[in-house]
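Have a look at run.txt below; it lists compact mmCIF, C-alpha atoms.
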# COMPACT_ATOMS: atom_id res chain seq x y z
CA MET A 1 -7.02 -2.59 -6.48
CA THR A 2 -4.90 -2.00 -3.42
CA THR A 3 -4.83 -3.33 0.09
CA ASN A 4 -5.57 -0.80 2.80
CA THR A 5 -3.05 -0.16 5.51
CA ARG A 6 -4.57 -0.65 8.91
CA THR A 7 -3.12 0.67 12.12
CA ILE A 8 -3.64 -1.38 15.24
CA GLN A 9 -2.80 -1.06 18.89
CA LYS A 10 0.67 -2.57 18.83
CA PRO A 11 1.88 -4.62 21.78
CA LYS A 12 3.96 -2.76 24.37
CA PRO A 13 7.61 -3.37 23.44
CA ASN A 14 9.14 -5.78 25.95
CA PHE A 15 12.77 -6.77 26.50
CA GLU A 16 12.70 -9.32 23.68
CA THR A 17 11.24 -6.79 21.21
CA LYS A 18 13.91 -4.26 22.11
CA SER A 19 16.75 -6.75 22.02
CA TRP A 20 15.58 -7.98 18.60
CA MET A 21 15.65 -4.41 17.29
CA PHE A 22 19.02 -3.81 18.94
CA MET A 23 20.43 -6.77 17.02
CA ARG A 24 19.25 -5.23 13.73
CA TYR A 25 20.44 -1.68 14.40
CA SER A 26 23.78 -2.78 15.88
CA ALA A 27 24.34 -5.07 12.88
CA ILE A 28 23.83 -2.13 10.52
CA LEU A 29 26.35 -0.09 12.50
CA LEU A 30 28.79 -2.99 12.58
CA ILE A 31 28.97 -3.21 8.80
CA PRO A 32 31.03 0.02 8.40
CA LEU A 33 32.76 -0.37 11.78
CA VAL A 34 33.98 -3.96 11.27
CA PHE A 35 34.80 -3.70 7.58
CA GLY A 36 36.57 -0.38 8.13
CA HIS A 37 38.59 -1.97 10.91
CA LEU A 38 39.45 -5.07 8.88
CA ILE A 39 40.48 -3.14 5.76
CA LEU A 40 42.62 -0.73 7.73
CA GLN A 41 44.33 -3.17 10.10
CA ASP A 42 44.64 -6.24 7.91
CA VAL A 43 44.97 -4.82 4.40
CA ILE A 44 46.28 -1.25 4.53
CA VAL A 45 48.49 -1.54 7.63
CA GLY A 46 48.94 -5.31 7.87
CA VAL A 47 48.87 -7.32 11.07
CA HIS A 48 52.66 -7.70 11.26
CA ARG A 49 53.15 -3.96 11.43
CA ILE A 50 50.81 -3.44 14.37
CA ASP A 51 52.88 -2.77 17.48
CA LEU A 52 52.75 -0.51 20.52
CA ASP A 53 54.08 2.45 18.53
CA TYR A 54 51.40 2.03 15.90
CA VAL A 55 48.67 1.87 18.56
CA ALA A 56 50.10 4.98 20.26
CA ILE A 57 50.04 6.90 16.96
CA ARG A 58 46.53 5.70 16.18
CA TRP A 59 45.16 6.54 19.58
CA ALA A 60 46.71 10.00 19.48
CA SER A 61 43.59 10.86 17.51
CA ILE A 62 40.38 11.16 19.50
CA GLY A 63 38.45 10.15 16.36
CA TRP A 64 40.08 6.70 16.29
CA ARG A 65 39.48 6.26 20.00
CA ILE A 66 35.77 6.95 19.50
CA TYR A 67 35.76 4.58 16.50
CA ASP A 68 37.38 1.80 18.54
CA ALA A 69 35.09 2.46 21.50
CA LEU A 70 32.03 2.14 19.25
CA LEU A 71 33.41 -1.01 17.66
CA LEU A 72 34.06 -2.61 21.04
CA ALA A 73 30.71 -1.63 22.53
CA PHE A 74 28.53 -2.61 19.59
CA ALA A 75 30.40 -5.72 18.44
CA PHE A 76 30.61 -7.15 21.93
CA ALA A 77 27.05 -6.25 22.91
CA HIS A 78 25.81 -7.70 19.62
CA GLY A 79 27.68 -10.94 20.29
CA VAL A 80 26.62 -11.17 23.93
CA ASN A 81 22.98 -10.58 22.97
CA GLY A 82 23.30 -13.37 20.40
CA ILE A 83 24.66 -15.75 23.04
CA ARG A 84 21.81 -14.69 25.34
CA GLN A 85 19.22 -15.55 22.72
CA VAL A 86 20.76 -18.94 22.02
CA LEU A 87 21.06 -19.76 25.74
CA ASN A 88 17.44 -18.66 26.23
CA ASP A 89 16.46 -21.63 24.09
CA PHE A 90 18.18 -24.04 26.43
CA ILE A 91 17.65 -22.43 29.84
CA GLN A 92 13.95 -22.48 30.49
CA SER A 93 13.53 -21.70 34.18
CA ASP A 94 12.99 -18.05 35.10
CA ARG A 95 15.69 -18.25 37.77
CA GLY A 96 18.19 -19.85 35.40
CA ARG A 97 17.54 -17.17 32.80
CA LYS A 98 17.93 -14.40 35.36
CA ILE A 99 21.30 -15.80 36.47
CA MET A 100 22.39 -16.19 32.84
CA HIS A 101 21.26 -12.65 31.92
CA TRP A 102 23.12 -11.09 34.85
CA GLY A 103 26.20 -13.25 34.20
CA LEU A 104 26.35 -12.15 30.56
CA PHE A 105 25.70 -8.53 31.51
CA LEU A 106 28.60 -8.61 34.00
CA LEU A 107 30.84 -10.22 31.39
CA TRP A 108 29.92 -7.46 28.93
CA LEU A 109 30.47 -4.78 31.58
CA ILE A 110 33.88 -6.08 32.71
CA VAL A 111 35.28 -6.55 29.20
CA THR A 112 33.89 -3.19 28.05
CA ALA A 113 35.32 -1.51 31.16
CA ILE A 114 38.77 -3.02 30.49
CA GLY A 115 38.55 -1.81 26.90
CA ALA A 116 37.38 1.61 28.01
CA ILE A 117 40.27 1.93 30.50
CA ALA A 118 42.72 1.12 27.72
CA LEU A 119 41.05 3.56 25.34
CA ILE A 120 40.90 6.40 27.86
CA GLY A 121 44.30 5.70 29.39
CA GLY A 122 45.99 5.35 26.02
CA VAL A 123 49.43 3.88 25.41
CA ARG A 124 52.15 4.89 27.85
CA PRO A 125 55.74 3.66 27.96
CA ILE A 126 56.35 1.02 30.61
CA SER A 127 58.54 2.63 33.29
CA MET B 128 13.74 -51.30 -7.99
CA GLN B 129 15.32 -52.83 -4.91
CA ILE B 130 15.47 -50.65 -1.82
CA LYS B 131 16.58 -50.96 1.77
CA LEU B 132 14.01 -49.34 4.06
CA LYS B 133 15.08 -48.47 7.60
CA VAL B 134 12.22 -47.55 9.92
CA PHE B 135 12.30 -46.18 13.44
CA ARG B 136 10.37 -48.53 15.71
CA TYR B 137 9.06 -48.02 19.22
CA LEU B 138 6.29 -50.11 20.67
CA PRO B 139 6.04 -49.12 24.34
CA HIS B 140 3.81 -52.07 25.31
CA THR B 141 6.50 -54.58 24.28
CA GLY B 142 9.04 -53.10 26.71
CA LYS B 143 11.63 -52.98 23.91
CA LYS B 144 13.86 -49.96 23.55
CA PRO B 145 13.46 -47.76 20.46
CA HIS B 146 15.34 -49.27 17.55
CA TYR B 147 15.40 -49.44 13.74
CA ASP B 148 14.01 -52.26 11.61
CA THR B 149 15.34 -52.79 8.11
CA TYR B 150 13.35 -54.19 5.21
CA GLU B 151 14.77 -55.20 1.82
CA MET B 152 11.98 -54.59 -0.66
CA GLU B 153 11.11 -54.51 -4.32
CA VAL B 154 9.17 -51.32 -5.10
CA ASP B 155 8.10 -49.28 -8.09
CA PRO B 156 10.14 -46.06 -8.52
CA ASN B 157 6.84 -44.21 -8.83
CA ASP B 158 5.64 -45.51 -5.46
CA ARG B 159 5.24 -42.95 -2.73
CA VAL B 160 6.96 -43.53 0.61
CA LEU B 161 3.48 -44.02 2.05
CA ASP B 162 2.93 -46.89 -0.41
CA VAL B 163 6.19 -48.42 0.75
CA LEU B 164 5.06 -48.24 4.39
CA GLU B 165 1.69 -49.76 3.44
CA GLN B 166 3.59 -52.56 1.74
CA VAL B 167 5.55 -53.24 4.94
CA ARG B 168 2.32 -53.37 6.92
CA ALA B 169 0.66 -55.66 4.41
CA ASP B 170 3.56 -58.04 3.75
CA SER B 171 5.96 -57.93 6.67
CA ASP B 172 4.82 -56.28 9.86
CA PRO B 173 1.22 -55.23 10.58
CA SER B 174 2.32 -53.73 13.89
CA LEU B 175 4.06 -50.79 12.15
CA GLY B 176 2.28 -47.62 13.34
CA TYR B 177 1.94 -44.33 11.43
CA ARG B 178 -0.76 -41.77 10.77
CA ARG B 179 -2.38 -41.46 7.38
CA SER B 180 -5.74 -40.28 6.21
CA CYS B 181 -6.36 -38.76 2.79
CA ALA B 182 -3.03 -39.95 1.31
CA HIS B 183 -3.06 -37.05 -1.15
CA GLY B 184 -1.18 -34.29 0.62
CA VAL B 185 -4.22 -32.50 1.95
CA CYS B 186 -4.95 -33.78 5.45
CA GLY B 187 -1.41 -33.38 6.81
CA SER B 188 -1.44 -36.63 8.82
CA ASP B 189 1.70 -38.31 7.56
CA ALA B 190 4.51 -35.83 8.11
CA MET B 191 7.66 -37.78 8.93
CA ARG B 192 11.40 -37.54 8.61
CA ILE B 193 12.44 -39.20 5.36
CA ASN B 194 16.19 -39.42 4.83
CA GLY B 195 16.59 -36.71 7.45
CA ARG B 196 14.12 -34.21 6.01
CA ASN B 197 10.54 -33.53 7.05
CA MET B 198 8.16 -34.52 4.28
CA LEU B 199 4.69 -35.90 3.76
CA ALA B 200 5.05 -39.63 3.07
CA CYS B 201 2.11 -39.37 0.64
CA LYS B 202 3.75 -36.67 -1.47
CA VAL B 203 7.28 -37.96 -1.97
CA LEU B 204 8.05 -40.55 -4.62
CA VAL B 205 10.74 -43.16 -4.07
CA LYS B 206 12.55 -42.13 -7.27
CA ASP B 207 12.74 -38.50 -6.10
CA LEU B 208 14.78 -39.51 -3.06
CA ASN B 209 17.65 -40.46 -5.42
CA SER B 210 18.72 -43.28 -3.14
CA THR B 211 18.03 -46.97 -2.68
CA GLN B 212 18.39 -46.52 1.06
CA ILE B 213 15.38 -44.89 2.70
CA THR B 214 15.30 -44.02 6.38
CA VAL B 215 11.95 -43.11 7.90
CA GLU B 216 11.75 -41.60 11.37
CA PRO B 217 9.16 -39.68 13.40
CA ILE B 218 9.21 -35.86 13.28
CA LEU B 219 11.47 -34.31 15.93
CA GLY B 220 10.62 -32.29 19.00
CA LEU B 221 7.38 -34.07 19.92
CA LYS B 222 7.11 -37.15 22.13
CA VAL B 223 7.02 -40.42 20.22
CA LEU B 224 3.94 -42.43 21.19
CA ARG B 225 4.55 -45.36 18.90
CA ASP B 226 6.76 -45.97 15.85
CA LEU B 227 6.16 -42.94 13.58
CA ILE B 228 3.30 -41.53 15.66
CA VAL B 229 4.07 -38.52 17.85
CA ASP B 230 2.01 -36.69 20.44
CA MET B 231 0.63 -33.70 18.50
CA GLU B 232 -1.06 -32.08 21.53
CA PRO B 233 1.76 -29.60 22.35
CA PHE B 234 1.72 -28.57 18.69
CA PHE B 235 -2.04 -27.98 18.72
CA ASP B 236 -1.79 -26.17 22.09
CA HIS B 237 0.51 -23.64 20.41
CA PHE B 238 -1.84 -23.46 17.43
CA ARG B 239 -4.82 -22.74 19.69
CA SER B 240 -2.89 -20.09 21.65
CA VAL B 241 -2.88 -17.66 18.68
CA MET B 242 -6.69 -17.65 18.24
CA PRO B 243 -6.68 -19.31 14.81
CA TYR B 244 -10.24 -18.37 13.97
CA PHE B 245 -12.06 -15.41 12.48
CA VAL B 246 -13.06 -12.71 14.96
CA ASN B 247 -15.32 -9.80 14.13
CA ASP B 248 -17.94 -8.60 16.57
CA ASP B 249 -18.90 -5.55 14.49
CA PRO B 250 -22.55 -5.39 13.39
CA ILE B 251 -23.18 -7.27 10.17
CA PRO B 252 -23.25 -5.15 6.98
CA GLU B 253 -26.50 -3.32 6.27
CA ASP B 254 -27.45 -5.57 3.39
CA GLY B 255 -27.15 -8.43 5.86
CA LYS B 256 -24.86 -10.36 3.59
CA GLU B 257 -21.09 -10.62 3.40
CA ARG B 258 -18.23 -8.63 4.85
CA LEU B 259 -16.73 -7.65 1.52
CA GLN B 260 -13.07 -7.84 0.67
CA SER B 261 -11.23 -6.86 -2.51
CA PRO B 262 -9.24 -9.48 -4.43
CA ALA B 263 -6.04 -7.68 -3.39
CA GLN B 264 -7.05 -7.80 0.27
CA ARG B 265 -7.75 -11.53 -0.09
CA ASP B 266 -4.43 -12.10 -1.83
CA ARG B 267 -2.57 -10.49 1.05
CA PHE B 268 -2.94 -13.61 3.21
CA ASP B 269 -3.53 -16.21 0.52
CA ASP B 270 -0.20 -17.95 1.09
CA THR B 271 -0.83 -18.66 4.76
CA THR B 272 -4.31 -20.08 4.13
CA LYS B 273 -2.61 -23.11 2.59
CA CYS B 274 -1.41 -24.56 5.92
CA ILE B 275 -2.60 -28.12 6.57
CA LEU B 276 -1.19 -28.34 10.12
CA CYS B 277 1.08 -31.28 9.35
CA ALA B 278 3.74 -29.91 11.76
CA ALA B 279 6.56 -30.46 9.25
CA CYS B 280 7.64 -26.83 9.74
CA THR B 281 7.48 -26.61 13.52
CA THR B 282 9.29 -29.92 14.00
CA SER B 283 12.08 -28.90 11.62
CA CYS B 284 12.76 -25.72 13.60
CA PRO B 285 15.92 -25.78 15.74
CA SER B 286 14.43 -23.19 18.12
CA PHE B 287 11.46 -25.50 18.71
CA TRP B 288 13.73 -28.54 19.23
CA ALA B 289 15.62 -26.60 21.90
CA ASN B 290 12.57 -25.05 23.52
CA GLY B 291 9.15 -26.66 23.19
CA LYS B 292 7.55 -23.53 24.65
CA TYR B 293 8.21 -21.64 21.40
CA VAL B 294 4.86 -21.34 19.58
CA GLY B 295 6.56 -22.45 16.38
CA PRO B 296 6.20 -21.59 12.70
CA ALA B 297 2.83 -23.30 12.14
CA ALA B 298 1.11 -21.28 14.87
CA ILE B 299 2.62 -18.05 13.52
CA VAL B 300 1.54 -18.91 9.97
CA ASN B 301 -2.02 -19.43 11.19
CA ALA B 302 -1.91 -16.21 13.18
CA HIS B 303 -0.64 -14.43 10.04
CA ARG B 304 -3.61 -15.76 8.10
CA PHE B 305 -6.01 -13.85 10.40
CA ILE B 306 -3.83 -10.86 11.31
CA PHE B 307 -3.62 -9.90 7.63
CA ASP B 308 -7.30 -10.59 6.93
CA SER B 309 -8.91 -7.15 6.46
CA ARG B 310 -12.20 -8.42 7.94
CA ASP B 311 -10.70 -9.69 11.20
CA THR B 312 -10.56 -7.50 14.30
CA ALA B 313 -8.48 -9.52 16.78
CA ALA B 314 -4.99 -8.84 15.41
CA ALA B 315 -3.95 -6.94 18.54
CA GLU B 316 -4.82 -9.88 20.82
CA ARG B 317 -2.89 -12.31 18.63
CA LEU B 318 0.10 -10.00 18.52
CA GLU B 319 0.12 -9.82 22.33
CA VAL B 320 0.55 -13.60 22.40
CA LEU B 321 3.20 -13.56 19.71
CA ASN B 322 5.13 -10.79 21.45
CA GLU B 323 5.70 -12.94 24.54
CA ASP B 324 9.01 -14.67 25.28
CA SER B 325 7.78 -17.82 23.57
CA GLY B 326 6.51 -15.90 20.52
CA VAL B 327 7.99 -14.70 17.25
CA TRP B 328 11.26 -13.46 18.76
CA ARG B 329 12.39 -17.06 19.21
CA CYS B 330 12.60 -17.34 15.41
CA ARG B 331 16.23 -17.25 14.24
CA THR B 332 15.35 -17.28 10.51
CA ALA B 333 16.97 -20.68 9.98
CA PHE B 334 14.58 -21.20 7.03
CA ASN B 335 14.17 -24.92 7.90
CA CYS B 336 10.41 -24.35 8.09
CA THR B 337 10.19 -22.87 4.60
CA GLU B 338 12.19 -25.76 3.22
CA ALA B 339 10.10 -28.38 5.03
CA CYS B 340 6.65 -27.03 4.15
CA PRO B 341 4.90 -29.47 1.78
CA ARG B 342 2.58 -26.65 0.71
CA ASP B 343 5.44 -24.31 -0.24
CA ILE B 344 4.28 -21.59 2.12
CA GLU B 345 6.85 -18.82 2.52
CA ILE B 346 6.88 -19.33 6.28
CA THR B 347 9.97 -17.38 7.27
CA LYS B 348 8.65 -14.42 5.28
CA ALA B 349 5.28 -14.68 7.06
CA ILE B 350 7.06 -14.72 10.43
CA ALA B 351 9.08 -11.65 9.43
CA GLU B 352 5.87 -9.86 8.45
CA VAL B 353 4.33 -10.61 11.84
CA LYS B 354 7.48 -9.27 13.56
CA GLN B 355 7.16 -6.14 11.44
CA VAL B 356 3.54 -5.60 12.51
CA ILE B 357 4.44 -6.07 16.17
CA TYR B 358 7.13 -3.46 15.78
CA SER B 359 5.27 -0.93 13.63
CA GLY B 360 1.61 -1.50 14.50
CA LYS B 361 0.84 -1.21 10.78
CA ILE B 362 -0.79 -4.01 8.82
CA GLU B 363 0.02 -3.35 5.19

I need this file expressed as structure tokens, please.
Amino acid sequence: MTTNTRTIQKPKPNFETKSWMFMRYSAILLIPLVFGHLILQDVIVGVHRIDLDYVAIRWASIGWRIYDALLLAFAFAHGVNGIRQVLNDFIQSDRGRKIMHWGLFLLWLIVTAIGAIALIGGVRPIS
Amino acid sequence: MQIKLKVFRYLPHTGKKPHYDTYEMEVDPNDRVLDVLEQVRADSDPSLGYRRSCAHGVCGSDAMRINGRNMLACKVLVKDLNSTQITVEPILGLKVLRDLIVDMEPFFDHFRSVMPYFVNDDPIPEDGKERLQSPAQRDRFDDTTKCILCAACTTSCPSFWANGKYVGPAAIVNAHRFIFDSRDTAAAERLEVLNEDSGVWRCRTAFNCTEACPRDIEITKAIAEVKQVIYSGKIE
């Protein structure tokens, strides 16, 4: 005997629903991105051999720039969303939450923008 | 065996601040913690306040923090605590009214918010008897029918400690019981409530609830299943 699958009118996805799903999807993406990064930088290359020349060689490839851009965007957004969820537990007024949400969004935007400038600008010798 | 029992005390009418009383006692290793508390009331201090009713793990009245973990005082034996020092405190996250008695109203408000009752306004079956259900359909929500509303799960949840607006595991378990009932027709309404800011998304899968449940309900799994239904709209 089996149970029957029923389909119901599901609730309209709100911000919390979407952010919960984002955490799951970004985590799946982070598994190859983070482990790939760790194995390459810490095991294959080694942290003591990472210098400006190495970064210049690495970023000569557009593929690595895209990889690093994805890593930055997803890892940081995943972390910021996590902080947002934790702070949501402790900040209970609507106004407080709004301020916190915008503050975290700006933090994400600024750090991502700095990273993006570095990634797009690449490594240039200091004149 | 000789034990040292430390009990949280708060008697608002005395004007005394909350504190702990310690009792050195001789008890049987097979005594339950509830028996130990009864012994204190009978022999040392009749003012000690706690809830109890059936004393057999069914009514859910005597959930309390025993050596830091939420348990039913009537279900845990002294010998199973593996310690001669026993600390008994009220469950966390709800206002203490007196000694081990907390205000359960916020907990029941959350419970009521998920419509924890059977809803089906369809005409009754033609034979005028039951709304039939297969054994498999009944099994689908069997686990969550076991809840006795003791609040051990909700008051062990760190999300609930931080934010009392969170409906909490017990309310979600009771919503699950009806959402997955093939005869019920109000799943969509319940899911609307659970999709709010204070609903299922506040669950961080800490698993404290599953560990605390004296009925061994797989609470975190039930919460995950409710999240899945909200996301997919499919009740499987």

Between atom CA of B:Ser174 and atom CA of B:Val203, what is the spacing in Å?
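That distance, rounded to one decimal, is 22.9 Å.
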
Distance limit 8 Å, atoms considered: only C-alpha atoms. Which chain B residues sit that close to chain A? Return them as a list in words.
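Per the criterion, chain B yields Ser261, Pro262, Ala263, Gln264, Arg267, Ser286, Ala289, Asn290, Ala314, Ala315, Leu318, Glu319, Asn322, Glu323, Asp324, Trp328, Arg329, Val356, Ile357, Tyr358, Ser359, Gly360, Lys361, Ile362 and Glu363 of chain B.
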
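The shortest atom-to-atom distance to B:Ala313, with all atoms listed in the file taken into account, belongs to B:Asp249 out of B:Arg258, B:Gly295, B:Cys274, B:Asp249.
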
Determine, counting all atoms listed in the file, which protein, DNA and RNA residues have an atom within 9 Å of an atom of B:Lys133; residues of the same chain fewer than 3 positions away are not included. Present the result as an mmCIF file with C-alpha atoms, in the coordinates of the input.
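selection_21.cif, freshly written:
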data_model
loop_
_atom_site.group_PDB
_atom_site.id
_atom_site.type_symbol
_atom_site.label_atom_id
_atom_site.label_comp_id
_atom_site.auth_asym_id
_atom_site.auth_seq_id
_atom_site.Cartn_x
_atom_site.Cartn_y
_atom_site.Cartn_z
ATOM 1 C CA TYR B 147 15.400 -49.440 13.740
ATOM 2 C CA ASP B 148 14.010 -52.260 11.610
ATOM 3 C CA THR B 149 15.340 -52.790 8.110
ATOM 4 C CA TYR B 150 13.350 -54.190 5.210
ATOM 5 C CA GLU B 151 14.770 -55.200 1.820
ATOM 6 C CA GLN B 212 18.390 -46.520 1.060
ATOM 7 C CA ILE B 213 15.380 -44.890 2.700
ATOM 8 C CA THR B 214 15.300 -44.020 6.380
ATOM 9 C CA VAL B 215 11.950 -43.110 7.900
ATOM 10 C CA GLU B 216 11.750 -41.600 11.370
#

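Once B:Ile218 and its same-chain neighbours fewer than 3 positions away are set aside, Ala190, Met191, Arg192, Arg196, Asn197, Leu221, Val223, Leu227, Ile228, Val229, Ala278, Ala279, Thr282 and Ser283 of chain B remain within 9 Å of it when counting only C-alpha atoms.
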
Which residues are near stretch 99-107 of chain A? Cut-off 8 Å, only C-alpha atoms, ignore same chain within fewer than 3 positions. Put them as a ChimeraX atom specification.
/A:80,84,95-96,110-111

re atom CA of B:Gly195 and atom CA of B:Pro145: distance 17.4 Å

Identify, on the basis of all atoms listed in the file, every residue whose closest approach to A:Arg65 does not exceed 10 Å; exclude the query and any residue fewer than 3 positions from it along the same chain; express the result as a PyMOL selection string.
chain A and resi 58-62+68-71+116+118-120+122

Among listed residues B:Leu219, B:Val320, B:Cys181, B:Leu208, nearest B:Ser240 (using all atoms listed in the file):
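Result for the nearest residue to B:Ser240: B:Val320.
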
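Straight-line separation from atom CA of B:Pro296 to atom CA of B:Cys330: 8.1 Å.
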
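Comparing the minimum interatomic distances between B:Asn247 and each of B:Arg310, B:Lys348, B:Lys292, B:Lys273, counting only C-alpha atoms, we find that B:Arg310 sits nearest.
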
Quick one: everything within 10 Å of A:Leu72, counting all atoms listed in the file, minus sequence neighbours fewer than 6 positions away in the same chain. Send it as a count of residues only.
9
